[in-house]
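**Q** See structure.txt below, with compact mmCIF, C-alpha atoms and all ligand atoms.
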```
# COMPACT_ATOMS: atom_id res chain seq x y z
CA MET B 272 -6.45 -7.57 28.00
CA LYS B 273 -8.38 -6.58 24.90
CA TYR B 274 -10.98 -8.72 23.20
CA LYS B 275 -10.48 -9.70 19.58
CA PHE B 276 -14.05 -8.70 18.72
CA GLU B 277 -15.50 -5.29 19.47
CA HIS B 278 -18.83 -7.07 19.95
CA PRO B 279 -18.94 -10.71 21.06
CA ILE B 280 -20.20 -13.41 18.71
CA ILE B 281 -23.71 -14.21 19.92
CA SER B 282 -25.35 -17.56 19.28
CA ARG B 283 -28.98 -18.34 20.11
CA ILE B 284 -31.13 -21.47 20.08
CA GLY B 285 -34.84 -21.98 20.68
CA THR B 286 -36.71 -25.27 20.75
CA GLU B 287 -36.29 -26.12 17.07
CA LYS B 288 -33.71 -28.92 17.04
CA TYR B 289 -30.85 -27.88 16.62
CA LYS B 290 -31.04 -24.66 14.66
CA CYS B 291 -28.82 -21.90 16.05
CA THR B 292 -28.38 -18.38 14.79
CA VAL B 293 -24.98 -16.77 15.00
CA GLU B 294 -24.65 -13.00 14.89
CA TRP B 295 -21.45 -11.68 13.42
CA ARG B 296 -20.31 -8.20 12.29
CA HIS B 297 -22.51 -7.94 9.20
CA GLY B 298 -25.45 -10.23 9.78
CA LYS B 299 -26.47 -13.69 10.87
CA PHE B 300 -26.00 -17.26 9.74
CA ILE B 301 -27.53 -20.55 10.77
CA THR B 302 -25.85 -23.61 12.17
CA ASP B 303 -27.47 -26.98 12.73
CA GLU B 304 -26.69 -30.61 13.42
CA PRO B 305 -26.78 -33.33 10.77
CA GLU B 306 -29.92 -35.46 10.61
CA THR B 307 -27.99 -38.36 12.16
CA SER B 308 -27.69 -36.24 15.31
CA GLY B 309 -31.34 -35.17 15.29
CA GLY B 310 -30.98 -31.89 13.40
CA LYS B 311 -32.12 -30.85 9.95
CA ASP B 312 -28.70 -29.99 8.49
CA LEU B 313 -29.81 -26.42 7.74
CA GLY B 314 -26.30 -25.10 8.18
CA PRO B 315 -22.80 -26.18 9.16
CA ASP B 316 -22.40 -27.99 12.47
CA PRO B 317 -19.83 -26.83 15.04
CA TYR B 318 -17.16 -29.32 13.91
CA THR B 319 -17.55 -28.05 10.34
CA LEU B 320 -17.18 -24.47 11.53
CA LEU B 321 -14.03 -25.35 13.44
CA VAL B 322 -12.45 -27.12 10.49
CA SER B 323 -13.62 -24.35 8.11
CA SER B 324 -11.88 -21.76 10.23
CA VAL B 325 -8.61 -23.69 9.82
CA ALA B 326 -9.14 -24.03 6.06
CA THR B 327 -10.10 -20.43 5.37
CA CYS B 328 -7.52 -18.92 7.69
CA THR B 329 -4.85 -21.04 6.01
CA ILE B 330 -5.65 -20.02 2.45
CA THR B 331 -6.21 -16.36 3.38
CA THR B 332 -2.81 -16.24 5.07
CA LEU B 333 -1.24 -17.97 2.08
CA ARG B 334 -2.91 -15.53 -0.32
CA MET B 335 -1.44 -12.58 1.61
CA TYR B 336 2.02 -14.18 1.57
CA ILE B 337 1.90 -15.17 -2.11
CA ASP B 338 0.73 -11.70 -3.13
CA ARG B 339 3.51 -10.11 -1.10
CA LYS B 340 6.04 -12.35 -2.82
CA GLY B 341 4.53 -11.60 -6.23
CA TRP B 342 4.29 -15.30 -7.10
CA ASP B 343 1.93 -16.33 -9.87
CA ILE B 344 -0.38 -18.69 -7.98
CA PRO B 345 -3.95 -17.61 -8.77
CA ARG B 346 -5.81 -20.34 -6.89
CA ILE B 347 -5.16 -22.15 -3.61
CA SER B 348 -7.34 -24.74 -1.97
CA ALA B 349 -7.13 -26.38 1.42
CA SER B 350 -8.78 -29.70 2.12
CA VAL B 351 -9.07 -30.16 5.88
CA ASN B 352 -10.39 -32.99 8.01
CA MET B 353 -10.01 -34.14 11.57
CA TYR B 354 -10.04 -37.29 13.67
CA PHE B 355 -9.60 -38.21 17.29
CA GLU B 356 -7.16 -40.66 18.79
CA GLU B 357 -6.12 -41.81 22.23
CA LYS B 358 -2.57 -41.02 23.27
CA ASP B 359 -1.23 -41.80 26.75
CA GLY B 360 -4.81 -42.12 27.95
CA GLN B 361 -5.79 -38.71 26.57
CA LYS B 362 -8.06 -37.84 23.67
CA VAL B 363 -6.04 -36.02 21.02
CA THR B 364 -7.57 -34.19 18.07
CA VAL B 365 -5.60 -34.46 14.83
CA ILE B 366 -6.34 -32.01 12.03
CA ASP B 367 -4.95 -32.87 8.58
CA ARG B 368 -4.59 -30.09 6.05
CA ASP B 369 -3.83 -30.74 2.35
CA LEU B 370 -2.86 -27.72 0.28
CA ASP B 371 -3.32 -27.61 -3.46
CA PHE B 372 -1.85 -24.86 -5.64
CA SER B 373 -3.16 -24.20 -9.11
CA THR B 374 0.31 -23.85 -10.64
CA PRO B 375 3.55 -25.78 -10.10
CA VAL B 376 5.67 -24.59 -7.16
CA THR B 377 9.35 -25.27 -6.52
CA ASP B 378 10.44 -27.38 -3.55
CA GLU B 379 11.69 -24.22 -1.86
CA GLN B 380 8.37 -22.42 -2.41
CA ARG B 381 6.48 -25.47 -1.15
CA GLU B 382 8.50 -25.51 2.06
CA HIS B 383 7.87 -21.78 2.62
CA LEU B 384 4.15 -22.20 1.93
CA ILE B 385 3.88 -25.07 4.40
CA GLN B 386 5.58 -23.00 7.09
CA ILE B 387 3.27 -20.04 6.40
CA ALA B 388 0.21 -22.32 6.53
CA LYS B 389 1.35 -23.73 9.87
CA ALA B 390 1.69 -20.19 11.23
CA CYS B 391 -1.77 -18.97 10.23
CA PRO B 392 -3.54 -17.29 13.19
CA ILE B 393 -6.14 -20.01 13.73
CA SER B 394 -3.48 -22.74 13.69
CA LYS B 395 -1.54 -20.79 16.30
CA ILE B 396 -4.63 -20.47 18.48
CA LEU B 397 -5.48 -24.17 18.24
CA GLU B 398 -1.92 -25.30 18.84
CA GLY B 399 -1.33 -22.80 21.64
CA GLY B 400 -2.93 -22.61 25.06
CA ILE B 401 -6.68 -22.15 25.09
CA ARG B 402 -8.83 -21.46 28.11
CA ILE B 403 -12.60 -21.25 27.78
CA ARG B 404 -14.21 -19.44 30.67
CA THR B 405 -17.94 -19.86 31.21
CA PHE B 406 -20.32 -17.56 33.06
CA ALA B 407 -24.07 -18.02 33.40
CA TYR B 408 -26.85 -15.47 33.64
CA SER B 409 -30.60 -15.42 33.67
CA GLU B 410 -33.16 -12.69 33.37
CA ASN B 411 -34.91 -10.92 36.26
CA GLU B 412 -31.86 -10.97 38.51
CA GLU B 413 -31.80 -7.24 39.09
CA LYS B 414 -32.23 -6.07 42.68
CA GLU B 415 -29.82 -3.28 43.37
CA LYS B 416 -28.28 -0.50 41.31
CA HIS B 417 -25.43 1.96 41.84
CA THR B 418 -24.81 4.98 39.65
CA TYR B 419 -21.64 6.92 38.84
CA THR B 420 -21.63 10.15 36.93
CA ASN B 421 -19.46 12.79 35.30
CA ASP B 422 -20.55 15.93 33.46
CA GLU B 423 -21.71 14.00 30.43
CA ILE B 424 -22.85 10.48 31.26
CA THR B 425 -24.10 8.34 34.10
CA VAL B 426 -23.07 4.72 34.38
CA ALA B 427 -25.34 2.31 36.24
CA TRP B 428 -23.94 -0.89 37.78
CA LYS B 429 -26.15 -3.77 38.90
CA PRO B 430 -24.11 -6.03 41.19
CA GLU B 431 -26.43 -9.02 40.80
CA LEU B 432 -25.69 -9.11 37.09
CA CYS B 433 -21.95 -8.73 37.51
CA ARG B 434 -20.45 -12.15 36.90
CA HIS B 435 -16.83 -11.72 35.83
CA ALA B 436 -13.75 -11.49 37.90
CA ALA B 437 -13.60 -7.75 37.12
CA ARG B 438 -13.29 -8.16 33.36
CA CYS B 439 -13.92 -4.45 32.82
CA ALA B 440 -11.24 -3.68 35.41
CA THR B 441 -8.62 -5.42 33.32
CA GLN B 442 -9.69 -3.54 30.20
CA LEU B 443 -10.13 -0.02 31.63
CA PRO B 444 -8.44 -0.09 35.04
CA GLN B 445 -8.25 3.71 35.25
CA VAL B 446 -12.04 3.66 35.65
CA PHE B 447 -13.00 0.23 36.98
CA ASN B 448 -10.98 -0.80 40.01
CA SER B 449 -12.55 -3.30 42.35
CA GLN B 450 -10.00 -2.46 45.07
CA ALA B 451 -11.03 1.23 45.19
CA LYS B 452 -14.04 2.92 46.74
CA PRO B 453 -16.07 3.83 44.83
CA TRP B 454 -14.92 1.18 42.41
CA VAL B 455 -15.92 3.29 39.36
CA ASN B 456 -13.86 6.45 38.83
CA MET B 457 -15.62 8.53 36.21
CA ASP B 458 -12.62 10.88 35.95
CA GLY B 459 -10.29 8.07 34.90
CA ALA B 460 -11.05 8.19 31.17
CA THR B 461 -13.02 10.11 28.59
CA SER B 462 -16.78 9.67 28.38
CA GLN B 463 -16.30 7.98 25.02
CA GLU B 464 -13.85 5.42 26.46
CA ILE B 465 -16.21 4.72 29.35
CA LYS B 466 -19.16 4.33 26.99
CA GLU B 467 -17.19 1.86 24.85
CA GLN B 468 -16.25 -0.16 27.92
CA VAL B 469 -19.84 -0.17 29.20
CA ALA B 470 -20.93 -1.52 25.81
CA ARG B 471 -18.51 -4.43 26.22
CA CYS B 472 -20.16 -5.64 29.44
CA PRO B 473 -22.01 -8.72 28.15
CA THR B 474 -24.26 -9.24 31.15
CA GLY B 475 -25.96 -5.86 31.34
CA ALA B 476 -24.36 -5.21 34.73
CA LEU B 477 -23.03 -1.96 33.31
CA SER B 478 -25.33 0.35 31.38
CA LEU B 479 -25.65 4.00 30.50
CA GLU B 480 -28.29 5.60 32.63
CA VAL B 481 -28.47 9.02 31.02
CA LYS B 482 -27.83 9.91 27.43
CA PRO B 483 -25.06 12.45 26.81
CA LYS B 484 -26.21 16.04 26.94
CA ALA B 485 -26.84 17.57 23.52
S1 LIG B 501 -17.71 -6.40 32.40
FE1 LIG B 501 -19.71 -6.24 33.38
S2 LIG B 501 -20.08 -8.27 34.27
FE2 LIG B 501 -17.90 -8.14 33.76
S3 LIG B 501 -16.89 -7.44 35.66
FE3 LIG B 501 -17.37 -5.60 34.48
S4 LIG B 501 -19.38 -4.95 35.22
FE4 LIG B 501 -19.10 -7.06 35.87
```
Show the structure stored in the file as structure tokens.
Ligand code: SF4

**A**
Amino acid sequence: MKYKFEHPIISRIGTEKYKCTVEWRHGKFITDEPETSGGKDLGPDPYTLLVSSVATCTITTLRMYIDRKGWDIPRISASVNMYFEEKDGQKVTVIDRDLDFSTPVTDEQREHLIQIAKACPISKILEGGIRIRTFAYSENEEKEKHTYTNDEITVAWKPELCRHAARCATQLPQVFNSQAKPWVNMDGATSQEIKEQVARCPTGALSLEVKPKA
């Protein structure tokens, strides 16, 4: 199992209703709720972000396809909206996507473009199986610490902060194996691989104790 993002997307909120900051690869942006929901509308709300991801993924995927085909379609737009309905006692989310091309397309091209739009990565995610796992942490939980070392680095592990079902063990099993004793084998991978895995631990349970020797 490998995460899509090298660093997770981090969102934070304080007491200002309902301004959130979201950290992504190259900076931050703000999200908020509309005034009707008690926010100040300083940025897109979560529904807007969800629908935007469908719209932008669709037209980006189409742009790649159109360029590969060498078709002369300089502009594409996607108008996307969503609604909810009840079906067989279950709430179903319906997302409608209207594509508009700046130049005429043949019926055959239109059919291809619709199929490509349907297969964009975000559409696949939303129409496939999704599981959202939730873990909760708070500060000042540290009580105990174990250290593991090789010639170059020392990894510290704080059990009280460890909250996943061995997430690191599924990503770097040569090093992190909850069935073994000790469960961290510092000879199982290079120091660089171990450092990268430690950096992926979102709870702070894993950390580097000693900087690499110069
Ligand atoms: S990634 Fe961190 S919190 Fe998750 S299982 Fe490994 S040590 Fe524990």

**Q** Would you mind listing what lies within 7 Å of segment 295-305 of chain B as number ranges by chain, with only C-alpha atoms counted and same-chain residues fewer than 5 positions away left out?

**A** B: 280, 289-290, 310-316

**Q** Sort by chain and increasing residue number a table of all residues of chain B within 8 Å of ligand LIG 501 (chain B), each with its closest pair of atoms and their distance in Å to one decimal, counting all atoms listed in the file, and write it as CSV.

**A**
```
residue,atom,partner,partner_atom,distance
B:Trp428,CA,B:LIG501,S4,6.6
B:Lys429,CA,B:LIG501,S4,7.8
B:Pro430,CA,B:LIG501,FE4,7.4
B:Leu432,CA,B:LIG501,S2,6.3
B:Cys433,CA,B:LIG501,FE4,3.7
B:Arg434,CA,B:LIG501,S2,4.7
B:His435,CA,B:LIG501,FE2,4.3
B:Ala436,CA,B:LIG501,S3,5.6
B:Ala437,CA,B:LIG501,S3,3.6
B:Arg438,CA,B:LIG501,S3,4.3
B:Cys439,CA,B:LIG501,FE3,4.0
B:Ala440,CA,B:LIG501,FE3,6.5
B:Phe447,CA,B:LIG501,FE3,7.7
B:Gln468,CA,B:LIG501,S1,7.8
B:Val469,CA,B:LIG501,S1,7.3
B:Arg471,CA,B:LIG501,S1,6.5
B:Cys472,CA,B:LIG501,S1,3.9
B:Pro473,CA,B:LIG501,FE1,6.2
B:Thr474,CA,B:LIG501,S2,5.3
B:Gly475,CA,B:LIG501,FE1,6.6
B:Ala476,CA,B:LIG501,FE1,5.0
B:Leu477,CA,B:LIG501,S4,5.1
```

**Q** With all atoms listed in the file counted, which protein, DNA or RNA residues have an atom no more than 9 Å from (-18.5, 13.0, 30.0) in the file frame? Please answer as a list in words.

**A**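 So the residues meeting the distance criterion are Thr420, Asn421, Asp422, Glu423, Ile424, Thr425, Met457, Asp458, Ala460, Thr461, Ser462, Gln463, Ile465, Pro483 and Lys484 of chain B.
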
**Q** Work out how far apart atom CA of Ser323 of chain B and atom CA of Arg404 of chain B are and give it in Å to one decimal.

**A**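 For atom CA of Ser323 of chain B relative to atom CA of Arg404 of chain B, the distance reads 23.1 Å.
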
**Q** With distances taken over all atoms listed in the file, which residue among B:Thr405, B:Ser478, B:Thr374, B:Gln445 lies nearest His417 of chain B?

**A**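 That would be B:Ser478, the residue with the smallest distance to His417 of chain B.
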
**Q** Grab the atom CA of Lys340 of chain B to atom CA of His383 of chain B distance for me, in Å with one decimal place.

**A** 11.0 Å

**Q** Could you state the separation of atom CA of Asp378 of chain B and atom CA of Gly341 of chain B in Å, given to one decimal place?

**A**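 Interatomic distance, atom CA of Asp378 of chain B to atom CA of Gly341 of chain B: 17.1 Å.
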
**Q** Enumerate, in order of chain and increasing residue number, the residues of segment 284-363 of chain B with an atom no farther than 9 Å from segment 385-393 of chain B, each with its shortest atom pair and distance in Å to one decimal, counting only C-alpha atoms, as CSV.

**A**
```
residue,atom,partner,partner_atom,distance
B:Ser324,CA,B:Ile393,CA,6.9
B:Val325,CA,B:Ile393,CA,5.9
B:Cys328,CA,B:Cys391,CA,6.3
B:Thr329,CA,B:Ala388,CA,5.2
B:Ile330,CA,B:Ala388,CA,7.5
B:Thr331,CA,B:Cys391,CA,8.6
B:Thr332,CA,B:Cys391,CA,5.9
B:Leu333,CA,B:Ala388,CA,6.4
B:Tyr336,CA,B:Ile387,CA,7.7
```

**Q** Within 9 Å of Ser373 of chain B, counting all atoms listed in the file, which residues qualify if same-chain residues fewer than 3 places away don't, as a PyMOL selection string?

**A** chain B and resi 344-348

**Q** Give one line per residue of segment 290-328 of chain B that approaches segment 352-367 of chain B to at most 10 Å, naming the two atoms of the closest pair and their distance in Å to one decimal, counting all atoms listed in the file; sort by chain then ascending residue number and deliver it as CSV.

**A**
```
residue,atom,partner,partner_atom,distance
B:Tyr318,CA,B:Met353,CA,8.9
B:Thr319,CA,B:Asn352,CA,9.0
B:Leu321,CA,B:Met353,CA,9.8
B:Val322,CA,B:Asn352,CA,6.7
B:Ser323,CA,B:Asn352,CA,9.2
B:Val325,CA,B:Ile366,CA,8.9
B:Ala326,CA,B:Asn352,CA,9.3
```
